[in-house]
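Visitor: Contents are mmCIF, C-alpha atoms; file name data_33.cif:
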data_my_file
loop_
_atom_site.label_atom_id
_atom_site.label_comp_id
_atom_site.auth_asym_id
_atom_site.auth_seq_id
_atom_site.Cartn_x
_atom_site.Cartn_y
_atom_site.Cartn_z
CA MET A 210 30.05 58.43 101.07
CA PRO A 211 30.67 55.16 102.93
CA GLY A 212 27.56 53.49 104.19
CA LEU A 213 25.36 55.44 101.84
CA LEU A 214 26.40 54.30 98.45
CA GLU A 215 27.29 51.12 96.81
CA ARG A 216 29.78 52.34 94.28
CA GLU A 217 29.82 49.26 92.09
CA THR A 218 29.03 49.79 88.48
CA HIS A 219 26.20 47.95 86.84
CA ALA A 220 27.69 47.32 83.44
CA GLY A 221 26.69 44.09 81.82
CA LEU A 222 23.25 43.78 83.40
CA GLN A 223 20.29 42.98 81.20
CA GLY A 224 16.50 43.12 81.18
CA GLY A 225 14.91 42.91 84.62
CA ASP A 226 18.27 43.12 86.38
CA GLU A 227 19.03 46.33 84.58
CA ARG A 228 15.67 47.75 85.54
CA LEU A 229 16.28 46.86 89.18
CA ALA A 230 19.69 48.47 88.98
CA ARG A 231 18.18 51.64 87.53
CA SER A 232 15.57 51.63 90.29
CA GLU A 233 18.27 51.31 92.94
CA LEU A 234 20.29 54.11 91.35
CA ARG A 235 17.22 56.35 91.31
CA ARG A 236 16.67 55.62 94.99
CA GLN A 237 20.27 56.56 95.73
CA ILE A 238 19.93 59.74 93.69
CA GLY A 239 16.87 60.65 95.73
CA ARG A 240 18.72 60.20 99.01
CA LEU A 241 21.73 62.13 97.80
CA GLU A 242 19.55 64.94 96.49
CA ARG A 243 17.89 65.22 99.91
CA GLU A 244 21.27 65.33 101.62
CA LEU A 245 22.65 67.92 99.21
CA SER A 246 19.53 70.05 99.58
CA GLY A 247 20.01 69.93 103.35
CA LEU A 248 23.59 71.13 103.01
CA VAL A 249 22.59 73.94 100.66
CA ALA A 250 19.95 75.07 103.14
CA GLU A 251 22.35 74.72 106.07
CA ALA A 252 24.96 76.88 104.39
CA PHE A 253 22.50 79.63 103.42
CA PRO A 254 22.90 82.61 103.65
CA LEU A 255 26.50 82.85 104.77
CA ARG A 256 27.84 80.53 102.13
CA SER A 257 26.66 79.12 98.86
CA VAL A 258 27.06 75.46 98.06
CA ASP A 259 27.47 74.37 94.48
CA ALA A 260 24.69 71.84 93.94
CA GLY A 261 24.95 71.74 90.17
CA VAL A 262 25.41 68.39 88.50
CA VAL A 263 25.76 68.98 84.82
CA ALA A 264 23.44 66.67 82.97
CA SER A 265 24.32 65.53 79.51
CA ALA A 266 22.56 67.79 77.07
CA GLY A 267 19.42 66.33 75.68
CA PRO A 268 15.70 66.04 76.10
CA PRO A 269 13.99 64.37 79.06
CA ARG A 270 14.38 60.63 78.76
CA VAL A 271 14.63 57.40 80.69
CA ALA A 272 18.23 57.77 81.76
CA GLY A 273 20.32 54.66 81.31
CA LEU A 274 22.52 52.97 83.87
CA GLU A 275 25.65 54.81 82.87
CA GLU A 276 23.99 58.21 83.07
CA LEU A 277 22.33 57.44 86.41
CA GLU A 278 25.64 56.28 87.81
CA ARG A 279 27.29 59.45 86.61
CA VAL A 280 24.59 61.61 88.25
CA ARG A 281 24.82 59.62 91.48
CA ASP A 282 28.60 59.89 91.61
CA ALA A 283 28.51 63.59 90.80
CA LEU A 284 25.96 64.19 93.57
CA ALA A 285 28.10 62.24 96.02
CA GLU A 286 31.09 64.31 94.97
CA ARG A 287 29.15 67.54 95.46
CA ILE A 288 28.09 66.41 98.92
CA GLY A 289 31.67 65.59 99.81
CA GLU A 290 32.84 69.00 98.62
CA ALA A 291 30.02 70.75 100.47
CA ARG A 292 30.77 68.90 103.70
CA ARG A 293 34.45 69.71 103.46
CA ALA A 294 33.74 73.37 102.74
CA LEU A 295 31.26 73.63 105.61
CA ALA A 296 33.65 71.88 108.00
CA GLU A 297 36.47 74.23 107.02
CA GLN A 298 34.13 77.16 107.44
CA ALA A 299 33.03 75.97 110.87
CA GLU A 300 36.65 75.54 111.93
CA LEU A 301 37.49 79.05 110.75
CA TRP A 302 34.52 80.50 112.67
CA LYS A 303 35.59 78.61 115.77
CA ARG A 304 39.13 79.98 115.54
CA ASN A 305 37.80 83.50 114.99
CA ARG A 306 35.53 83.19 118.04
CA GLU A 307 38.52 82.13 120.10
CA LEU A 308 40.45 85.09 118.74
CA LEU A 309 37.58 87.38 119.68
CA GLU A 310 37.57 86.02 123.22
CA ARG A 311 41.31 86.59 123.55
CA MET A 312 40.90 90.06 122.05
CA LEU A 313 38.17 90.98 124.53
CA ALA A 314 40.30 89.68 127.40
CA ASP A 315 43.43 91.56 126.29
CA PRO A 316 42.82 94.32 123.73
CA ALA A 317 46.37 95.68 123.97
CA ALA A 318 47.76 92.37 122.76
CA HIS A 319 45.56 92.54 119.67
CA LYS A 320 46.14 96.08 118.43
CA TRP A 321 43.96 97.12 115.49
CA VAL A 322 42.54 93.62 115.08
CA ARG A 323 39.05 93.68 113.70
CA VAL A 324 36.62 90.75 113.76
CA SER A 325 33.30 91.03 111.98
CA ARG A 326 30.11 89.13 112.71
CA ALA A 327 30.49 87.33 109.41
CA ASP A 328 33.95 86.16 110.56
CA ILE A 329 32.34 84.21 113.39
CA GLY A 330 29.35 82.99 111.41
CA GLU A 331 26.76 85.45 112.64
CA HIS A 332 24.33 87.54 110.65
CA GLY A 333 24.52 91.31 110.48
CA CYS A 334 27.14 93.93 109.77
CA GLY A 335 28.62 94.54 113.23
CA HIS A 336 32.25 94.07 114.14
CA TRP A 337 34.66 94.19 117.08
CA HIS A 338 37.68 96.44 116.67
CA SER A 339 40.63 96.76 119.03
CA ARG A 340 41.41 100.51 119.12
CA PRO A 341 43.17 102.96 121.45
CA ARG A 342 41.12 105.18 123.75
CA LEU A 343 41.50 108.88 123.03
CA GLY A 344 43.30 108.32 119.74
CA PRO A 345 47.06 108.98 119.61
CA LEU A 346 47.22 109.66 123.36
CA GLY A 347 45.76 106.25 124.11
CA MET A 348 48.17 104.71 121.63
CA LEU A 349 51.11 106.25 123.44
CA MET A 350 49.75 105.35 126.86
CA GLY A 351 48.74 101.81 125.89
CA TRP A 352 45.03 102.38 126.60
CA TRP A 353 43.45 99.86 124.30
CA ARG A 354 39.87 98.70 124.22
CA VAL A 355 37.56 96.70 121.95
CA LYS A 356 34.97 98.84 120.30
CA VAL A 357 31.75 97.20 119.13
CA SER A 358 30.29 98.72 115.99
CA SER A 359 26.67 99.77 115.92
CA GLY A 360 25.75 97.34 113.15
CA CYS A 361 24.40 97.79 109.68
CA PRO A 362 24.11 101.28 108.22
CA LEU A 363 20.57 102.59 108.16
CA ALA A 364 18.68 102.36 104.91
CA GLY A 365 17.89 106.07 105.14
CA ARG A 366 21.53 106.96 105.24
CA LEU A 367 22.24 104.81 102.20
CA ALA A 368 19.39 106.39 100.31
CA ALA A 369 20.76 109.83 101.15
CA VAL A 370 24.21 108.85 99.88
CA GLU A 371 22.70 107.53 96.65
CA ARG A 372 20.78 110.77 96.17
CA GLN A 373 23.93 112.76 96.84
CA GLU A 374 25.94 110.72 94.39
CA ALA A 375 23.22 111.04 91.77
CA SER A 376 23.08 114.81 92.12
CA GLY A 377 26.87 115.18 92.40
CA MET B 197 -4.13 58.83 89.95
CA GLU B 198 -7.34 57.21 90.98
CA GLY B 199 -10.56 58.41 92.46
CA ALA B 200 -11.80 60.77 89.77
CA ALA B 201 -15.28 59.27 90.07
CA ALA B 202 -15.20 59.70 93.83
CA ARG B 203 -14.12 63.31 93.48
CA SER B 204 -16.90 63.90 90.99
CA GLU B 205 -19.43 62.43 93.41
CA MET B 206 -18.06 64.71 96.11
CA GLY B 207 -18.95 67.70 93.99
CA TRP B 208 -15.54 68.34 92.45
CA GLU B 209 -16.81 70.03 89.33
CA PRO B 210 -15.39 69.79 86.76
CA ALA B 211 -13.82 66.53 87.90
CA PRO B 212 -10.25 65.95 86.76
CA GLU B 213 -9.65 63.40 84.08
CA GLN B 214 -6.89 60.88 84.47
CA GLY B 215 -4.34 60.52 81.75
CA TRP B 216 -2.29 57.40 81.22
CA VAL B 217 1.37 56.61 81.34
CA ALA B 218 2.97 54.22 78.87
CA PRO B 219 3.54 50.88 80.65
CA HIS B 220 7.28 50.94 80.06
CA ILE B 221 7.53 54.42 81.56
CA ALA B 222 5.18 53.57 84.44
CA ALA B 223 7.38 50.58 85.27
CA GLU B 224 10.44 52.80 85.33
CA PHE B 225 8.79 55.62 87.27
CA PRO B 226 6.13 54.38 89.67
CA GLY B 227 4.00 57.29 90.83
CA LEU B 228 4.29 59.20 87.56
CA GLY B 229 0.95 60.42 86.33
CA ILE B 230 -0.97 63.15 84.61
CA ALA B 231 -4.43 64.53 85.32
CA TRP B 232 -6.18 67.42 83.72
CA VAL B 233 -9.31 69.43 83.93
CA GLU B 234 -11.00 71.51 81.28
CA VAL B 235 -12.79 74.74 81.83
CA ASP B 236 -14.61 77.14 79.54
CA ALA B 237 -12.62 80.30 79.73
CA ARG B 238 -10.83 82.77 77.55
CA PRO B 239 -7.36 84.10 78.26
CA GLY B 240 -7.28 87.69 79.44
CA PRO B 241 -6.18 90.07 82.13
CA SER B 242 -6.57 88.99 85.73
CA SER B 243 -9.14 90.50 88.03
CA GLU B 244 -8.15 92.74 90.90
CA ALA B 245 -8.84 89.87 93.31
CA VAL B 246 -6.35 87.65 91.48
CA ARG B 247 -3.75 90.41 91.41
CA ARG B 248 -4.27 90.94 95.15
CA ARG B 249 -3.79 87.23 95.73
CA LEU B 250 -0.54 87.35 93.78
CA ARG B 251 0.63 90.24 95.94
CA ASP B 252 -0.25 88.31 99.11
CA LEU B 253 1.66 85.31 97.81
CA SER B 254 4.63 87.51 96.99
CA ASP B 255 4.79 88.59 100.62
CA ARG B 256 5.14 84.96 101.66
CA PHE B 257 8.02 84.18 99.31
CA TYR B 258 11.53 85.24 100.32
CA GLY B 259 15.04 84.26 99.37
CA ALA B 260 15.33 81.90 102.31
CA HIS B 261 12.04 80.31 101.29
CA ALA B 262 13.40 79.66 97.81
CA ILE B 263 16.51 77.99 99.22
CA HIS B 264 14.74 75.90 101.84
CA MET B 265 12.01 74.91 99.40
CA ARG B 266 14.16 72.14 97.95
CA GLU B 267 14.03 70.39 101.31
CA GLN B 268 10.23 70.17 101.23
CA PRO B 269 8.80 66.86 100.02
CA ILE B 270 7.06 68.00 96.84
CA PRO B 271 9.75 70.31 95.42
CA TRP B 272 12.33 67.69 96.37
CA SER B 273 10.32 65.03 94.51
CA TYR B 274 10.36 67.08 91.31
CA ARG B 275 14.10 67.79 91.70
CA VAL B 276 14.82 64.09 92.06
CA PHE B 277 12.63 63.24 89.09
CA PHE B 278 14.43 65.84 86.98
CA ARG B 279 17.74 64.22 87.83
CA GLN B 280 16.30 60.81 86.98
CA ILE B 281 15.24 61.91 83.50
CA GLY B 282 18.54 63.53 82.65
CA LEU B 283 17.71 67.14 83.52
CA ASP B 284 19.75 69.24 85.94
CA PRO B 285 17.19 71.03 88.15
CA ASP B 286 19.69 73.81 88.77
CA ARG B 287 19.70 74.59 85.04
CA VAL B 288 16.28 73.45 83.87
CA ARG B 289 14.25 74.58 86.86
CA THR B 290 11.33 72.68 88.24
CA PRO B 291 8.12 74.73 87.84
CA VAL B 292 7.90 75.81 91.48
CA GLU B 293 11.59 76.68 91.67
CA GLN B 294 11.30 78.67 88.48
CA LEU B 295 8.42 80.56 90.08
CA ALA B 296 10.49 81.24 93.19
CA LEU B 297 13.36 82.46 91.05
CA ASP B 298 11.06 84.74 89.04
CA ARG B 299 9.60 86.06 92.28
CA LEU B 300 13.07 86.97 93.57
CA HIS B 301 14.13 88.42 90.23
CA ASP B 302 11.00 90.51 89.70
CA GLY B 303 10.46 91.40 93.34
CA ALA B 304 6.93 89.98 93.21
CA PHE B 305 4.74 87.53 91.35
CA LEU B 306 3.89 89.75 88.42
CA ALA B 307 0.39 89.55 86.99
CA ARG B 308 0.59 88.03 83.50
CA GLY B 309 -3.08 87.46 82.92
CA LEU B 310 -5.06 84.26 82.83
CA PRO B 311 -4.43 81.37 82.79
CA ALA B 312 -0.77 82.11 83.69
CA ASP B 313 -1.71 83.74 87.00
CA ALA B 314 -3.92 80.80 87.92
CA LEU B 315 -1.01 78.44 87.37
CA THR B 316 1.28 80.69 89.38
CA ILE B 317 -1.09 80.79 92.34
CA ALA B 318 -1.83 77.07 92.26
CA THR B 319 1.82 76.10 91.86
CA ALA B 320 3.02 78.49 94.55
CA GLU B 321 0.38 77.19 96.95
CA THR B 322 0.88 73.47 96.29
CA CYS B 323 4.29 73.18 94.54
CA VAL B 324 2.64 70.90 91.94
CA ALA B 325 3.77 71.21 88.30
CA LEU B 326 0.96 72.51 86.10
CA ARG B 327 0.63 73.17 82.39
CA ALA B 328 -2.06 74.95 80.40
CA TYR B 329 -3.21 73.98 76.92
CA ASP B 330 -5.81 75.01 74.44
CA ALA B 331 -8.34 72.25 75.15
CA GLU B 332 -9.91 72.51 71.71
CA ARG B 333 -6.60 71.63 70.10
CA LEU B 334 -6.21 68.48 72.18
CA GLU B 335 -7.58 65.17 71.00
CA GLY B 336 -8.50 62.41 73.41
CA ARG B 337 -6.77 61.65 76.66
CA LEU B 338 -3.44 63.10 77.66
CA CYS B 339 -0.62 60.72 78.38
CA ILE B 340 3.05 60.56 79.19
CA ARG B 341 4.99 58.45 76.76
CA GLU B 342 8.20 58.22 74.84
CA SER B 343 8.28 59.73 71.40
CA ALA B 344 8.11 57.31 68.51
CA PRO B 345 10.56 57.42 65.60
CA GLY B 346 9.74 60.25 63.22
CA GLU B 347 7.54 62.19 65.62
CA SER B 348 7.97 65.89 66.08
CA LEU B 349 6.38 68.73 67.97
CA SER B 350 4.00 70.80 65.94
CA GLY B 351 5.41 74.17 65.04
CA ARG B 352 8.99 73.02 65.48
CA SER B 353 11.38 71.88 62.87
CA GLY B 354 13.19 68.61 63.32
CA GLN B 355 12.17 65.30 64.70
CA LEU B 356 12.20 64.40 68.33
CA GLU B 357 15.00 62.18 69.45
CA HIS B 358 13.57 58.68 69.76
CA GLY B 359 12.73 57.93 73.40
CA THR B 360 12.12 61.53 74.40
CA LEU B 361 9.63 61.77 77.26
CA THR B 362 6.63 63.73 76.11
CA ILE B 363 3.15 64.72 77.12
CA ALA B 364 1.00 63.60 74.23
CA ASP B 365 -2.59 63.33 73.16
CA GLU B 366 -4.04 60.91 70.63
CA ARG B 367 -2.72 63.05 67.78
CA GLY B 368 0.89 63.14 68.94
CA PRO B 369 3.30 64.86 71.32
CA VAL B 370 1.97 68.07 72.82
CA GLU B 371 5.20 69.05 74.53
CA LEU B 372 8.34 67.68 76.07
CA LEU B 373 7.80 66.50 79.62
CA PHE B 374 8.45 69.70 81.59
CA GLY B 375 9.10 71.52 78.34
CA GLU B 376 7.33 74.39 76.69
CA ALA B 377 3.76 73.77 75.60
CA GLU B 378 3.14 73.63 71.88
CA ARG B 379 -0.63 73.73 71.93
CA ARG B 380 -0.61 76.46 74.48
CA VAL B 381 -3.35 78.89 75.20
CA GLU B 382 -3.66 81.51 72.48
CA ARG B 383 -5.69 84.66 72.23
CA ASP B 384 -8.55 82.85 70.49
CA THR B 385 -8.68 79.98 72.98
CA ARG B 386 -12.15 79.39 74.38
CA ARG B 387 -11.58 76.30 76.45
CA ILE B 388 -8.53 75.79 78.64
CA ALA B 389 -7.07 72.49 79.84
CA ILE B 390 -5.03 72.61 83.02
CA ALA B 391 -2.82 69.56 83.44
CA ALA B 392 -0.90 68.44 86.52
CA VAL B 393 2.14 66.22 86.24
CA GLN B 394 2.51 64.00 89.27
CA VAL B 395 5.75 62.28 90.20
CA LYS B 396 6.59 59.83 92.95
CA GLY B 397 6.36 61.61 96.28
CA VAL B 398 3.66 64.06 95.26
CA PRO B 399 0.43 63.11 97.03
CA GLN B 400 -2.82 62.87 95.12
CA VAL B 401 -4.43 65.42 97.41
CA ALA B 402 -1.84 68.00 96.36
CA VAL B 403 -2.56 67.32 92.68
CA ASP B 404 -6.30 67.67 93.24
CA GLU B 405 -5.80 70.84 95.22
CA ALA B 406 -3.55 72.35 92.55
CA LEU B 407 -6.10 71.70 89.81
CA TRP B 408 -8.92 72.94 91.98
CA ILE B 409 -7.11 76.17 92.84
CA ALA B 410 -6.17 76.80 89.20
CA VAL B 411 -9.73 76.26 88.00
CA SER B 412 -11.26 78.34 90.77
CA VAL B 413 -8.91 81.22 89.98
CA ILE B 414 -9.77 81.03 86.28
CA GLN B 415 -13.47 80.92 87.05
CA SER B 416 -13.36 83.64 89.69
#
Would you encode the structure as structure tokens?

Guide:
Amino acid sequence: MPGLLERETHAGLQGGDERLARSELRRQIGRLERELSGLVAEAFPLRSVDAGVVASAGPPRVAGLEELERVRDALAERIGEARRALAEQAELWKRNRELLERMLADPAAHKWVRVSRADIGEHGCGHWHSRPRLGPLGMLMGWWRVKVSSGCPLAGRLAAVERQEASG
Amino acid sequence: MEGAAARSEMGWEPAPEQGWVAPHIAAEFPGLGIAWVEVDARPGPSSEAVRRRLRDLSDRFYGAHAIHMREQPIPWSYRVFFRQIGLDPDRVRTPVEQLALDRLHDGAFLARGLPADALTIATAETCVALRAYDAERLEGRLCIRESAPGESLSGRSGQLEHGTLTIADERGPVELLFGEAERRVERDTRRIAIAAVQVKGVPQVAVDEALWIAVSVIQS
């Protein structure tokens, strides 16, 4: 986290200096917590970000320098991990969107390829599927097209299936 | 936490009382405070109006709300404070996040009777951390302080680790800060104390509103 954190340790400080150091660490923890919360919210609902920073077991207390440093560093680490994961995810979505564009432009070159909305970072259950027209005939003739699914199954249908399964 | 007299003059009845914070703790955590208000009331089932209010609140709380809540100033302030006192807010939940989690788990804010429902409504509306105690079992002013050597929580075996942050009255620790109340409201309680724990970043107006909502729900 360059520019955000001063990673020096505060070992050896005493009295007022130590209190100032604790105050500074608490300020840094506050900023990091805000940043991590933003990343958690940004990732939701398509991805979950691990925001947990395991605190040393014990009752609530005035955390010392060492503990505050550990929390700060762990938060910074979590933020780094979350940023990397979100960047990788964004890159994957971008590549999938490019694939979808190529697929729509030339379905025959992408036989049976299926791209879901989740694959490109969109909500919902729909997907794009490169399939032959008219089944086997289209396969033989090379008549390929991209079929867009109709989205999420209806709740009523699911309820009917559950009832069926329960009775069967 | 100042201005109790002013609020009393403005007709805030009963006016909240201001607790104190041990100087050492106040120096470490500027903005930390505790205020409470006492009201004559017995615990019991909630009225239909309170249950309806819980249902209305439930309709305003969704999964996305629970996730985005941590970005809001007051819930964020409690999360930060938890981290600063050695608690992981993703394991020991802040009061409002615990409420949101319960709401998602149960599918609604379930009616649990008074004063619990009053605290639920006030916390969900304001995000302020509230506790309820049996006022007749409290002595003197509430405070936030570190536990002294040899102190323990009543009803629990073992001594508190020296330096544990507690909510205490003049008799001794009432509970761990953001822990479970020891002198909580029981069936025979006749006077209830609602306490709000304020941390840096939580405005006074939110604390006042939380106490006011809780009391008005109890008295409704």

Visitor: Give me the result of the PyMOL selection byres ((chain B) within 10 of (chain A)) on this file, residue by residue, as number ranges by chain.

Guide: B: 220-221, 223-226, 259-269, 272-273, 275-288, 341-343, 356-362, 372-375

Visitor: Counting all atoms listed in the file, which residue out of A:Gly330, A:Leu295, A:Asn305, A:Arg323 sits closest to Lys356 of chain A?

Guide: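 Smallest distance to Lys356 of chain A is found for A:Arg323.
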
Visitor: Please write the residues picked by the PyMOL selection byres ((chain B and resi 305) around 6) on this file as a list in words.

Guide: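 Taken on the displayed file, the PyMOL selection byres ((chain B and resi 305) around 6) yields the residues Leu250, Ser254, Arg299, Ala304 and Leu306 of chain B.
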
Visitor: Quick one: everything within 8 Å of Ala317 of chain A, counting only C-alpha atoms, minus sequence neighbours fewer than 5 positions away in the same chain. Send it as a ChimeraX atom specification.

Guide: /A:339,351-354

Visitor: Using atom CA of Ile270 of chain B and atom CA of Ser242 of chain B as the two end points, give the distance in Å to one decimal.

Guide: 27.4 Å

Visitor: How far is it from atom CA of Thr385 of chain B to atom CA of Gln415 of chain B, in Å with one decimal?

Guide: 14.9 Å
